[in-house]
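One structure is given below, encoded as structure tokens.
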Amino acid sequence: MTRLRSLFDIPDNVCYLNAAYMGPMPRSAVSAAQEAAQQKCHPWDITLIDFFQPTETIRQLVAPLFGVTYKDIAIVPSASYGLATAAQNMTLTAGQEIVILAEQFPSNVYVWRRLAERHKAKVRVVTRTADQSWTQAILAAIGPQTGIVACAQTHWVDGGYVDLEAVSDALAIHGGELVLDLSQSLGVQAIDLARVRPAFAVAVGYKWLIGPYTLAYLYARPDKQSGVPLEEGWINREGSRNFARLVDCRETFGEGAQRYDMGERSNMQLIPQALPGLSLLADLGPKQAADLISQWTDQIVDRAAGLGVIADAPHIRSRHYLGLTLPPSAPDDLLEKLKARQVHVSQRGTRLRVTPHIYTTQADIDRFIAALADSL
Ligand SMILES: Cc1ncc(COP(=O)(O)O)c(C=O)c1O
């Protein structure tokens, strides 16, 4: 634990329980960023390898977190970009439904409204009752009319867990497709996409994957790797390593999902900053990361309950993520009060979102509980 904390530049007097908002990069990312900036001042040092090798390393590191192979990964700038790529490559017929969850993250809502409009389809927003899990609510909504279910593995507001294997099996009966936003779980919650079989799945790199902003990773199922990318770039085409022959404008793409890579995917400033965090998480693996983090979330659930702050449905919550219900008496400025004591959490909807990570320590949890007790 102490070793993991020392890899991050988080002072002992800062209690940062807000990975779901923005993950801190490890210290080693700073030196990588400095070297990258230095290299840009000396462009004569930028070689062909810099255009191709780091992106391949990124794919290799990210793929096992999804439970797939590197060929299935595209490098994109954001969840919204990945989801727009997905939507562009889905087929729907008039009257079919796109199922999304209530209070889902907007990047995974707008795109489906637009697609539904285009195909005269409908967006169906699933809500859950207090005693229902998200999985149960989704399963109840799936039927012959379901074209797509677009959801997450962890609901970003309440931390609710979605059993994606069950959803996938139910969809398969009716020929529906699954599209996933794993931004709030990839790297710290195990997933086996080979088993879940979504058409596409995306995750941003700047939260749980402790990388820089504006890098995200898109999985495309092998049978979806012949679709239409959002951009018509050059580097993801076959033969692009031969800069002299780029004038030939070859139509064919390189292997796998890379046809969906964003333009300038080799971003020589951002990619080096993403690598240290991804290597760390790849070494730990999602199962061990979840074990480390859940000791803190479990402890918070127990201790916060004594203050009237409750995890309403702990049996279906994701292990790394808390969306707690506050007592009616909670002050409106609770977040500011906590922040004044260097305790950082967030509020989404009506819930207090508390998201520790692998750098969290016992002292952080004690500080959070003490600050919460004083501020309520
Ligand atoms: C569930 C989820 N998806 C996606 C994002 C970010 O989306 P985008 O990359 O489109 O900005 C967030 C940010 O909070 C999120 O919570």
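Every chain in the structure tokens takes a letter, A first, then B, and so on in the order presented; its residues are numbered from 1, and the ligands are numbered from 1 following the presented order.
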Using only C-alpha atoms and all ligand atoms, I'd like a table of the residues in chain A that come within 6 Å of ligand 1; for each, show the closest atom pair and its distance in Å rounded to one decimal, ordered by chain and ascending number, as CSV.
```
residue,atom,partner,partner_atom_place_in_ligand_line,distance
A:Tyr21,CA,ligand 1,14 (O),5.8
A:Ser78,CA,ligand 1,9 (O),3.6
A:Ala79,CA,ligand 1,9 (O),3.7
A:Ser80,CA,ligand 1,10 (O),3.7
A:Phe105,CA,ligand 1,1 (C),5.0
A:Ser107,CA,ligand 1,10 (O),4.9
A:Trp156,CA,ligand 1,1 (C),5.2
A:Asp181,CA,ligand 1,3 (N),5.9
A:Ser183,CA,ligand 1,3 (N),4.9
A:Gln184,CA,ligand 1,1 (C),5.4
A:Val204,CA,ligand 1,9 (O),5.7
```
Would you write out, as a Markdown table, a table of all residues in segment 258-318 of chain A that have an atom no more than 12 Å from an atom of segment 330-350 of chain A, listing for each the closest atom pair and the distance in Å to one decimal, considering only C-alpha atoms and ordering rows by chain and rising residue number?
```
| residue | atom | partner | partner_atom | distance |
| --- | --- | --- | --- | --- |
| A:Leu307 | CA | A:Ala330 | CA | 10.4 |
| A:Gly308 | CA | A:Ala330 | CA | 9.5 |
| A:Val309 | CA | A:Ala330 | CA | 9.2 |
```
Next item on the list: For Phe52 of chain A, list every protein, DNA or RNA residue within 9 Å, evaluated using only C-alpha atoms, and leave out those in the same chain fewer than 2 positions away; present the list as a PyMOL selection string.
Entry: chain A and resi 48-50+54-56+235+241+266
Note to self: Please report the interatomic distance between atom CA of Val202 of chain A and atom CA of Ala216 of chain A in Å with one decimal.
What the structure shows: 7.1 Å
Next item on the list: Could you tell me, as number ranges by chain, which residues of segment 42-275 of chain A DSSP assigns to strand (DSSP E or B) when given the backbone?
Entry: A: 73-76, 97-101, 122-126, 146-151, 154, 160-161, 177-181, 200-204, 216-220, 237, 253
Just-selected residues, C-alpha atoms written as a compact mmCIF listing (two decimals), in the first residue's frame:
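New file result.txt:
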```
# COMPACT_ATOMS: atom_id res chain seq x y z
CA ILE A 73 -8.21 -2.07 -29.78
CA ALA A 74 -8.44 1.35 -31.43
CA ILE A 75 -7.00 4.54 -29.97
CA VAL A 76 -9.55 7.36 -29.73
CA GLU A 97 -35.46 0.16 -29.26
CA ILE A 98 -32.13 1.36 -27.94
CA VAL A 99 -32.05 0.62 -24.23
CA ILE A 100 -30.11 2.97 -21.96
CA LEU A 101 -30.15 3.47 -18.19
CA LYS A 122 -36.86 4.66 -29.98
CA VAL A 123 -34.68 5.25 -26.97
CA ARG A 124 -35.99 3.38 -23.94
CA VAL A 125 -34.71 4.64 -20.62
CA VAL A 126 -34.62 1.91 -17.98
CA THR A 146 -34.47 -4.47 -28.59
CA GLY A 147 -31.90 -3.45 -31.17
CA ILE A 148 -29.13 -2.19 -28.90
CA VAL A 149 -28.42 -2.02 -25.19
CA ALA A 150 -25.93 0.76 -24.46
CA CYS A 151 -24.77 0.77 -20.86
CA THR A 154 -20.67 0.33 -13.24
CA GLY A 160 -24.53 -0.12 -9.35
CA TYR A 161 -23.07 -3.20 -11.01
CA GLU A 177 -26.36 -5.87 -29.73
CA LEU A 178 -24.49 -4.53 -26.74
CA VAL A 179 -22.36 -1.34 -26.69
CA LEU A 180 -20.43 -0.53 -23.52
CA ASP A 181 -18.99 2.52 -21.84
CA PHE A 200 -18.05 -2.10 -29.22
CA ALA A 201 -16.74 -1.01 -25.81
CA VAL A 202 -14.94 2.18 -24.90
CA ALA A 203 -13.15 3.50 -21.80
CA VAL A 204 -11.53 6.86 -21.17
CA ALA A 216 -9.47 6.65 -24.69
CA TYR A 217 -9.57 3.06 -25.89
CA LEU A 218 -12.14 1.45 -28.13
CA TYR A 219 -12.72 -2.28 -28.48
CA ALA A 220 -14.37 -3.49 -31.69
CA ARG A 237 -3.89 2.41 -43.75
CA PHE A 253 -6.67 -0.43 -43.69
```
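Taking atom CA of Ile191 of chain A and atom CA of Phe66 of chain A as endpoints, the distance between them is 6.0 Å.
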Next item on the list: Considering only C-alpha atoms, return as a VMD selection string whatever protein or nucleic-acid residues lie within 12 Å of Ala37 of chain A, sequence-local ones (same chain, fewer than 5 positions apart) excluded.
Entry: chain A and resid 30 to 32 42 to 43 45 to 46 267 to 273
Note to self: Using only C-alpha atoms, which protein or nucleic acid residues come within 12 Å of Ala20 of chain A? Drop anything in the same chain fewer than 5 positions from it, and give the result as a PyMOL selection string.
What the structure shows: chain A and resi 154-159+182-186+188+204-210+320-323+344-348+352-357
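Taking only C-alpha atoms into account, Arg367 of chain A lies nearest to A:Asn13 out of the set A:Thr57, A:Asn108, A:Asn13, A:Asn18.
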Next item on the list: Select from segment 84-294 of chain A everything DSSP, run on the backbone, classes as helix (DSSP H, G or I), then give the selection as JSON, numbers by chain.
Entry: {"A": [84, 85, 86, 87, 88, 106, 107, 108, 110, 111, 112, 113, 114, 115, 116, 117, 118, 119, 134, 135, 136, 137, 138, 139, 140, 141, 164, 165, 166, 167, 168, 169, 170, 171, 172, 173, 174, 193, 194, 195, 196, 222, 223, 224, 243, 244, 245, 246, 247, 248, 256, 257, 258, 259, 260, 270, 271, 272, 273, 274, 275, 276, 277, 278, 279, 280, 281, 282, 283, 284, 286, 287, 288, 289, 290, 291, 292, 293, 294]}
Next item on the list: Enter the distance from atom CA of Leu61 of chain A to atom CA of Leu284 of chain A, in Å, rounded to one decimal.
Entry: 11.7 Å
So which residues touch segment 6-10 of chain A within 12 Å, counting only C-alpha atoms, skipping near sequence neighbours fewer than 5 positions away, as a PDB file with C-alpha atoms, in the first residue's frame?
```
ATOM      1  CA  MET A   1       0.000   0.000   0.000  1.00  0.00           C
ATOM      2  CA  CYS A  15      -7.448  12.692   0.897  1.00  0.00           C
ATOM      3  CA  TYR A  16      -8.276  12.118  -2.749  1.00  0.00           C
ATOM      4  CA  LEU A  17     -11.289   9.813  -3.089  1.00  0.00           C
ATOM      5  CA  GLY A  23      -7.346   9.886 -11.872  1.00  0.00           C
ATOM      6  CA  PRO A  24      -3.932  11.219 -10.821  1.00  0.00           C
ATOM      7  CA  MET A  25      -1.090  10.155 -13.107  1.00  0.00           C
ATOM      8  CA  PRO A  26       1.812   8.390 -11.390  1.00  0.00           C
ATOM      9  CA  ARG A  27       4.967  10.417 -10.775  1.00  0.00           C
ATOM     10  CA  SER A  28       6.763   8.571 -13.559  1.00  0.00           C
ATOM     11  CA  ALA A  29       4.311  10.065 -16.061  1.00  0.00           C
ATOM     12  CA  VAL A  30       5.748  13.502 -15.334  1.00  0.00           C
ATOM     13  CA  ILE A 210      -4.648   7.083 -14.358  1.00  0.00           C
ATOM     14  CA  PRO A 276       3.236   4.323 -16.785  1.00  0.00           C
ATOM     15  CA  GLY A 277      -0.302   4.142 -15.379  1.00  0.00           C
ATOM     16  CA  LEU A 280       1.062  -0.355 -13.308  1.00  0.00           C
ATOM     17  CA  GLN A 342      -8.529  18.550   1.798  1.00  0.00           C
ATOM     18  CA  HIS A 344     -12.022  15.354  -2.226  1.00  0.00           C
ATOM     19  CA  HIS A 357      -8.020   3.809  -5.944  1.00  0.00           C
ATOM     20  CA  ILE A 358      -4.857   1.753  -5.547  1.00  0.00           C
ATOM     21  CA  TYR A 359      -3.023   4.703  -3.936  1.00  0.00           C
ATOM     22  CA  THR A 360      -5.569   5.073  -1.105  1.00  0.00           C
ATOM     23  CA  THR A 361      -4.389   4.424   2.465  1.00  0.00           C
ATOM     24  CA  ASP A 364      -7.247   8.603   3.906  1.00  0.00           C
TER      25      ASP A 364
END
```
Note to self: At a cut-off of 8 Å, using only C-alpha atoms, what residues contact segment 129-137 of chain A? Leave out same-chain residues fewer than 3 positions from it and give the result as a VMD selection string.
What the structure shows: chain A and resid 126 140 to 141 160 to 164 166 to 167 312 to 313 316
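Remark: for Ala86 of chain A, the closest of the candidate residues A:Arg265, A:Arg3, A:Lys224, A:His119 is A:Lys224 (distances computed over only C-alpha atoms).
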